[in-house]
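Asks: Starting off with a structure, shown below.
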Amino acid sequence: MAKVLPPSRSTADHTRVDHASQILKRFYIAERTLMRTFAAWFVGTSQWDLKRQLSADLWQTAQHADSLRTRVLELRYPRRDVDRKYDADVLAFMAEIAKASDTQEFIAGVYNVVLPALVASYHAYLDRADALDDAPTVYRLRHILLDQQAQIERMDALVTSVHPTERPSDAQWQEYLYRWLDSIGGFDGLGEKSARPENHICAGRPAYVVPRTVQRDARWRPALFHLPHENKYDKAGIAAWKRIEALDQRVAMQVWSAISHFNEIWAADVPASIMWELENETWAFYLDLARWAWDETRHSTMGWRALESWGWDVPDLIPFAYATYNALGSVPPIQRLALLYFYEEGLLRAGTKQIEIKILESAQDDGSIQDMDYDWADEAMHVNFGYTWLKHLLGDDQAGREELKRLTDEARQIMADFVLAHKDDPEAQLAPYFDRLYPVVEKMIHDIPDDQLNVQWAPVVADEAVLEEL
Ligand SMILES: [Fe+2]
Ligand SMILES: [Fe+2]
């Protein structure tokens with residue numbers, strides 16, 4: 001007979017390091033795929049309020065995946081296999097959630113099934129976990145739970161206002177996803193596995209493809225461009241803009257910066273689409289692109305907030321454009337990234353942000369100054385993202401640099417050809433917008449002491465010939 005003391009305490013099942021790290025890796029894969037799926041559906045969603053939340057939740061989900069990934073690495077230290085051999089069950093289930101037939105269905109699936117199931121799995125983990133032994137996981141999961149519960153509540157309120165009627169098809173989709181999740185034993189894989197719902201009416205849909213063309217919110221009229229620097233052929237639009245400019249350079253900058261911020265949503269669509277299209281990149285790539293996509297949505301929201309704060313009927317007065325994303329719809333993801341980098345890098349190199357802030361300071365517009373200041377801070381980071389990841393994708397050598405230049409020049413040419421092909425479309429004409437906007441602006445302006453502001457400002461453009469006209 002051997003001799004022992006009684007156990008110091010009892011422990012729950014599935015809580016040894018090996019098992020905990022296996023479960024956490026499943027959670028990581030789920031969050032990582034959810035992040036990419038949010039990115040894809042962010043692009044596929046036009047309703048402005050829903051699109052903003054999808055973008056915020058995309059970035060938060062990237063933080064959750066990163067936190068779980070770090071913990072898996074700690075628990076498996078020094079093994080670095082967190083990004084190898086993903087659990088096939090989790091991947092297969094997560095691929096289904098992207099196959100929703102529209103935004104409303106996608107949201108029903110994610111916010112009524114996927115996120116609540118993740119919340120339940122994290123609570124179950126916390127109930128099992130030893131708060132001392134596994135304290136770093138407990139900390140991480142508690143913080144993720146705070147975010148996810150808030151995400152569910154926020155979306156619930158939003159959906160009720162945007163889509164007040166529930167459709168039977170959404171309930172069907174949710175039921176399908178519930179059954180799928182049961183078939184893999186839940187996110188932690190500890191549940192009893194049932195049969196896959198292969199004969200369900202929602203089964204067998206093709207894999208989701210991120211849209212190569214986007215639409216903007218149906219409350220706005222379709223618009224290809226948002227400011228006159230994008231379409232040099234729109235002489236009437238340029239003339240209509242110049243009337244606003246003639247009111248005062250400061251007024252023009254207040255209006256210009258708000259409209260151009262609002263329209264930066266295309267710069268969010270680009271990295272988000274790439275996150276879906278490039279599937280097996282290194283983790284830091286997705287983390288940076290998730291931030292990039294969310295920042296540009298924030299910049300867009302800054303513009304929208306300023307326009308709303310002036311009390312303007314934004315859908316009536318402000319174009320919400322889609323040409324930049326759609327013109328590049330057919331080019332490879334890396335080339336879209338190259339053009340985005342061209343704009344961002346050009347803005348910082350030309351010192352455009354500093355000049356814009358100077359003019360806004362002269363206008364004494366504290367809100368617009370602060371928006372531009374934070375935008376500038378974000379943009380400096382984006383230039384670094386672009387530099388890092390284009391170098392990673394193209395190679396850090398002469399051939400890589402030449403290829404970047406070729407891709408950028410070609411993308412600028414594609415944009416120029418698109419403008420030429422669509423220059424006479426009714427959707428390409430900006431004069432009606434600025435003609436409606438002019439009296440609204442004129443009625444609101446007031447006098448302040450003249451500080452003798454004397455700065456030259458020009459926007460960054462893909463086609464430099466445009467600047468001669470402005
Ligand atoms: Fe931006
Ligand atoms: Fe940016």
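By order in the structure tokens, chains are A, B, ...; within a chain, residues start at 1; ligands start at 1, following the order shown.
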Each residue of stretch 265-370 of chain A with at least one atom at most 6 Å from stretch 26-39 of chain A should appear once, together with its nearest atom pair and the corresponding distance in Å (one decimal); atoms considered: only C-alpha atoms; ordering: chain, then increasing residue number; output as a Markdown table.

Replies:
| residue | atom | partner | partner_atom | distance |
| --- | --- | --- | --- | --- |
| A:Ala272 | CA | A:Ala39 | CA | 4.7 |
| A:Met275 | CA | A:Arg36 | CA | 6.0 |
| A:Trp276 | CA | A:Arg36 | CA | 5.5 |

Asks: For the selection just defined, write its residues with N, CA and C atoms to a file, as a tab-separated table (two decimals), in the first residue's frame.

Replies:
chain	number	residue	atom	x	y	z
A	272	ALA	N	-10.95	45.78	-45.30
A	272	ALA	CA	-11.89	44.74	-44.84
A	272	ALA	C	-12.05	43.67	-45.91
A	275	MET	N	-9.07	41.40	-45.94
A	275	MET	CA	-9.02	40.47	-44.80
A	275	MET	C	-9.75	39.17	-45.11
A	276	TRP	N	-10.80	39.28	-45.94
A	276	TRP	CA	-11.54	38.07	-46.31
A	276	TRP	C	-10.83	37.33	-47.44

Asks: Pick out the residues no farther than 7 Å from ligand 2, counting only C-alpha atoms and all ligand atoms, and list them as a list in words.

Replies: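 Final answer, ordered by chain and number: Ala267, Trp292, Glu296, Glu344, Asp378, Glu379 and His382 of chain A.
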
Asks: List all protein, DNA and RNA residues that have an atom no more than 12 Å from any atom of ligand 1, counting only C-alpha atoms and all ligand atoms, and report them as a VMD selection string.

Replies: chain A and resid 257 to 258 260 to 271 291 to 303 340 to 341 343 to 345 347 to 348 353 371 to 383

Asks: Report the residues of stretch 218-448 of chain A whose backbone DSSP state falls under alpha helix (DSSP H), written as number ranges by chain.

Replies: A: 235-247, 249-262, 265-277, 283-309, 314-317, 323-327, 333-349, 352-362, 366-394, 398-422, 431-444

Asks: For A:Met94, which of A:Met155, A:Ile184, A:Ala421, A:Ala327 is the closest residue, counting only C-alpha atoms?

Replies: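 When distances to A:Met94 are compared using only C-alpha atoms, the smallest one comes from A:Ile184.
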
Asks: A:Asp316, A:Asp147, A:Asp156, A:Asp13: which is nearest A:Tyr111, counting only C-alpha atoms?

Replies: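 Of all the options, A:Asp156 lies closest to A:Tyr111.
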
Asks: Between A:Arg250, A:Phe225, A:Asp188, A:Leu177, which has the minimum distance to A:Gln452 (counting only C-alpha atoms)?

Replies: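 Selected residue with least distance to A:Gln452: A:Arg250.
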
Asks: For atom CA of A:Leu126 and atom CA of A:Val82, quote the distance in Å rounded to one decimal.

Replies: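 Taking atom CA of A:Leu126 and atom CA of A:Val82, their separation equals 21.4 Å.
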
Asks: I need the residue nearest A:Ser10 from this list: A:Ala117, A:Ala88, A:Ala129, A:Leu394. Use only C-alpha atoms for the distance.

Replies: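 Among A:Ala117, A:Ala88, A:Ala129, A:Leu394, it is A:Ala129 that comes nearest to A:Ser10.
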
Asks: What lies within 12 Å of A:Leu393 using only C-alpha atoms, ignoring chain neighbours under 4 positions off, as a list in words?

Replies: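 Once the adjacent positions are removed, what remains is Leu278, Glu281, Thr282, Phe285, Pro333, Ile334, Gln335, Leu337, Ala338, Phe385, Gly386, Tyr387, Thr388, Trp389, Asp397, Ala399, Gly400, Arg401, Glu403 and Leu404 of chain A.
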
Asks: Just N, CA and C atoms for this one: save the residues we selected as an mmCIF file, in the first residue's frame.

Replies:
data_model
loop_
_atom_site.group_PDB
_atom_site.id
_atom_site.type_symbol
_atom_site.label_atom_id
_atom_site.label_comp_id
_atom_site.auth_asym_id
_atom_site.auth_seq_id
_atom_site.Cartn_x
_atom_site.Cartn_y
_atom_site.Cartn_z
ATOM 1 N N LEU A 278 -7.611 37.359 -48.516
ATOM 2 C CA LEU A 278 -6.326 36.721 -48.205
ATOM 3 C C LEU A 278 -6.509 35.922 -46.913
ATOM 4 N N GLU A 281 -2.775 34.585 -44.113
ATOM 5 C CA GLU A 281 -1.661 35.478 -43.802
ATOM 6 C C GLU A 281 -1.296 35.354 -42.321
ATOM 7 N N THR A 282 -0.127 35.910 -42.008
ATOM 8 C CA THR A 282 0.338 35.907 -40.626
ATOM 9 C C THR A 282 -0.608 36.752 -39.748
ATOM 10 N N PHE A 285 -0.945 40.661 -39.628
ATOM 11 C CA PHE A 285 -1.537 41.261 -40.823
ATOM 12 C C PHE A 285 -3.018 41.565 -40.574
ATOM 13 N N PRO A 333 -6.459 41.955 -54.594
ATOM 14 C CA PRO A 333 -6.456 42.649 -53.301
ATOM 15 C C PRO A 333 -5.202 43.501 -53.087
ATOM 16 N N ILE A 334 -4.068 42.990 -53.450
ATOM 17 C CA ILE A 334 -2.819 43.705 -53.174
ATOM 18 C C ILE A 334 -2.757 45.040 -53.921
ATOM 19 N N GLN A 335 -3.399 45.083 -55.100
ATOM 20 C CA GLN A 335 -3.374 46.318 -55.883
ATOM 21 C C GLN A 335 -4.300 47.372 -55.268
ATOM 22 N N LEU A 337 -4.787 47.572 -52.090
ATOM 23 C CA LEU A 337 -4.019 48.038 -50.937
ATOM 24 C C LEU A 337 -2.957 49.052 -51.393
ATOM 25 N N ALA A 338 -2.368 48.803 -52.561
ATOM 26 C CA ALA A 338 -1.338 49.703 -53.090
ATOM 27 C C ALA A 338 -1.923 51.093 -53.351
ATOM 28 N N PHE A 385 1.300 50.626 -41.624
ATOM 29 C CA PHE A 385 0.656 49.348 -41.977
ATOM 30 C C PHE A 385 0.877 49.054 -43.455
ATOM 31 N N GLY A 386 0.602 50.061 -44.293
ATOM 32 C CA GLY A 386 0.719 49.877 -45.745
ATOM 33 C C GLY A 386 2.142 49.504 -46.123
ATOM 34 N N TYR A 387 3.085 50.257 -45.572
ATOM 35 C CA TYR A 387 4.499 50.012 -45.868
ATOM 36 C C TYR A 387 4.902 48.592 -45.460
ATOM 37 N N THR A 388 4.534 48.228 -44.236
ATOM 38 C CA THR A 388 4.909 46.914 -43.697
ATOM 39 C C THR A 388 4.321 45.781 -44.528
ATOM 40 N N TRP A 389 3.021 45.873 -44.806
ATOM 41 C CA TRP A 389 2.356 44.709 -45.394
ATOM 42 C C TRP A 389 2.536 44.624 -46.902
ATOM 43 N N ASP A 397 12.744 44.118 -51.686
ATOM 44 C CA ASP A 397 13.907 44.288 -52.554
ATOM 45 C C ASP A 397 13.530 45.218 -53.713
ATOM 46 N N ALA A 399 12.928 44.544 -56.813
ATOM 47 C CA ALA A 399 11.808 44.017 -57.616
ATOM 48 C C ALA A 399 10.480 44.318 -56.923
ATOM 49 N N GLY A 400 10.462 44.189 -55.600
ATOM 50 C CA GLY A 400 9.251 44.469 -54.819
ATOM 51 C C GLY A 400 8.846 45.938 -54.943
ATOM 52 N N ARG A 401 9.836 46.827 -54.852
ATOM 53 C CA ARG A 401 9.539 48.260 -54.944
ATOM 54 C C ARG A 401 9.026 48.623 -56.337
ATOM 55 N N GLU A 403 7.506 46.599 -58.373
ATOM 56 C CA GLU A 403 6.169 46.035 -58.516
ATOM 57 C C GLU A 403 5.128 46.918 -57.804
ATOM 58 N N LEU A 404 5.498 47.472 -56.663
ATOM 59 C CA LEU A 404 4.572 48.370 -55.960
ATOM 60 C C LEU A 404 4.260 49.590 -56.826
#

Asks: Excluding stretch 458-460 of chain A and residues on its chain fewer than 3 positions from it, collect all residues at most 9 Å away from it, counting only C-alpha atoms, and give them as a ChimeraX atom specification.

Replies: /A:229,343-344,346-347,350,352,463-464,467,470

Asks: Keeping only N, CA and C atoms, write those residues as a PDB file, in the first residue's frame.

Replies:
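This is the output file again28.pdb:
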ATOM      1  N   HIS A 229     -12.498  67.104 -56.871  1.00  0.00           N
ATOM      2  CA  HIS A 229     -11.151  66.681 -57.258  1.00  0.00           C
ATOM      3  C   HIS A 229     -11.128  65.271 -57.841  1.00  0.00           C
ATOM      4  N   TYR A 343      -2.643  56.986 -51.505  1.00  0.00           N
ATOM      5  CA  TYR A 343      -3.360  58.152 -50.976  1.00  0.00           C
ATOM      6  C   TYR A 343      -2.865  58.518 -49.582  1.00  0.00           C
ATOM      7  N   GLU A 344      -2.753  57.525 -48.731  1.00  0.00           N
ATOM      8  CA  GLU A 344      -2.428  57.791 -47.321  1.00  0.00           C
ATOM      9  C   GLU A 344      -1.021  58.370 -47.196  1.00  0.00           C
ATOM     10  N   GLY A 346       0.669  59.857 -49.547  1.00  0.00           N
ATOM     11  CA  GLY A 346       0.692  61.171 -50.195  1.00  0.00           C
ATOM     12  C   GLY A 346       0.203  62.262 -49.257  1.00  0.00           C
ATOM     13  N   LEU A 347      -0.857  61.964 -48.500  1.00  0.00           N
ATOM     14  CA  LEU A 347      -1.414  62.954 -47.571  1.00  0.00           C
ATOM     15  C   LEU A 347      -0.389  63.371 -46.524  1.00  0.00           C
ATOM     16  N   ALA A 350       2.790  65.202 -48.212  1.00  0.00           N
ATOM     17  CA  ALA A 350       2.539  66.572 -48.660  1.00  0.00           C
ATOM     18  C   ALA A 350       2.216  67.506 -47.490  1.00  0.00           C
ATOM     19  N   THR A 352      -0.460  67.633 -45.938  1.00  0.00           N
ATOM     20  CA  THR A 352      -1.831  68.116 -46.146  1.00  0.00           C
ATOM     21  C   THR A 352      -2.595  68.261 -44.830  1.00  0.00           C
ATOM     22  N   ASP A 463      -5.237  61.606 -60.061  1.00  0.00           N
ATOM     23  CA  ASP A 463      -4.975  62.166 -61.383  1.00  0.00           C
ATOM     24  C   ASP A 463      -4.565  63.644 -61.197  1.00  0.00           C
ATOM     25  N   GLU A 464      -3.260  63.923 -61.361  1.00  0.00           N
ATOM     26  CA  GLU A 464      -2.775  65.254 -61.005  1.00  0.00           C
ATOM     27  C   GLU A 464      -3.318  66.370 -61.897  1.00  0.00           C
ATOM     28  N   LEU A 467      -5.746  68.966 -60.468  1.00  0.00           N
ATOM     29  CA  LEU A 467      -5.363  70.099 -59.639  1.00  0.00           C
ATOM     30  C   LEU A 467      -5.330  71.398 -60.430  1.00  0.00           C
ATOM     31  N   LEU A 470      -8.633  73.072 -60.093  1.00  0.00           N
ATOM     32  CA  LEU A 470      -9.167  73.438 -58.769  1.00  0.00           C
ATOM     33  C   LEU A 470      -8.599  74.766 -58.264  1.00  0.00           C
TER      34      LEU A 470
END

Asks: Neighbours of A:Ala240 within 6 Å (only C-alpha atoms; same-chain residues fewer than 3 positions away dropped), as a ChimeraX atom specification?

Replies: /A:237,243,431,434

Asks: Would you list the contacts of A:Leu75 as number ranges by chain, taking every protein, DNA or RNA residue within 10 Å and counting only C-alpha atoms, but skipping same-chain residues closer than 6 positions in sequence?

Replies: A: 17-22, 24, 69, 134, 137

Asks: Just N, CA and C atoms for this one: save the residues we selected as a CSV table (one decimal), in the first residue's frame.

Replies:
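Written output follows (selection-v9.csv):
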chain,number,residue,atom,x,y,z
A,17,VAL,N,-3.7,22.0,-18.2
A,17,VAL,CA,-3.1,22.9,-19.2
A,17,VAL,C,-3.3,22.5,-20.6
A,18,ASP,N,-3.1,21.2,-20.9
A,18,ASP,CA,-3.3,20.7,-22.2
A,18,ASP,C,-4.7,20.8,-22.8
A,19,HIS,N,-5.6,20.5,-21.9
A,19,HIS,CA,-7.0,20.6,-22.3
A,19,HIS,C,-7.5,22.0,-22.4
A,20,ALA,N,-7.1,22.8,-21.4
A,20,ALA,CA,-7.4,24.2,-21.5
A,20,ALA,C,-6.9,24.9,-22.8
A,21,SER,N,-5.7,24.6,-23.1
A,21,SER,CA,-5.1,25.3,-24.3
A,21,SER,C,-5.8,24.8,-25.6
A,22,GLN,N,-6.2,23.5,-25.6
A,22,GLN,CA,-7.0,23.0,-26.8
A,22,GLN,C,-8.3,23.7,-26.9
A,24,LEU,N,-9.1,26.7,-25.6
A,24,LEU,CA,-8.8,28.1,-26.0
A,24,LEU,C,-8.4,28.3,-27.4
A,69,ARG,N,-5.3,34.1,-28.5
A,69,ARG,CA,-4.1,33.6,-29.2
A,69,ARG,C,-2.9,33.7,-28.3
A,134,ASP,N,-5.4,29.4,-13.3
A,134,ASP,CA,-5.6,29.9,-14.7
A,134,ASP,C,-6.0,31.3,-14.7
A,137,THR,N,-6.2,33.5,-18.0
A,137,THR,CA,-7.3,33.3,-18.9
A,137,THR,C,-8.6,33.9,-18.3

Asks: Measuring atom to atom with only C-alpha atoms, identify which of A:Arg221, A:Arg336, A:Arg349, A:His446 is nearest to A:Glu410.

Replies: A:Arg336

Asks: Applying 10 Å and only C-alpha atoms, which residues near A:Ala207 remain after dropping the ones on its own chain fewer than 3 positions away? List them as a count of residues only.

Replies: 8

Asks: I'd like the interatomic distance between atom CA of A:Leu141 and atom CA of A:Ala108, to a tenth of an Å.

Replies: 23.6 Å
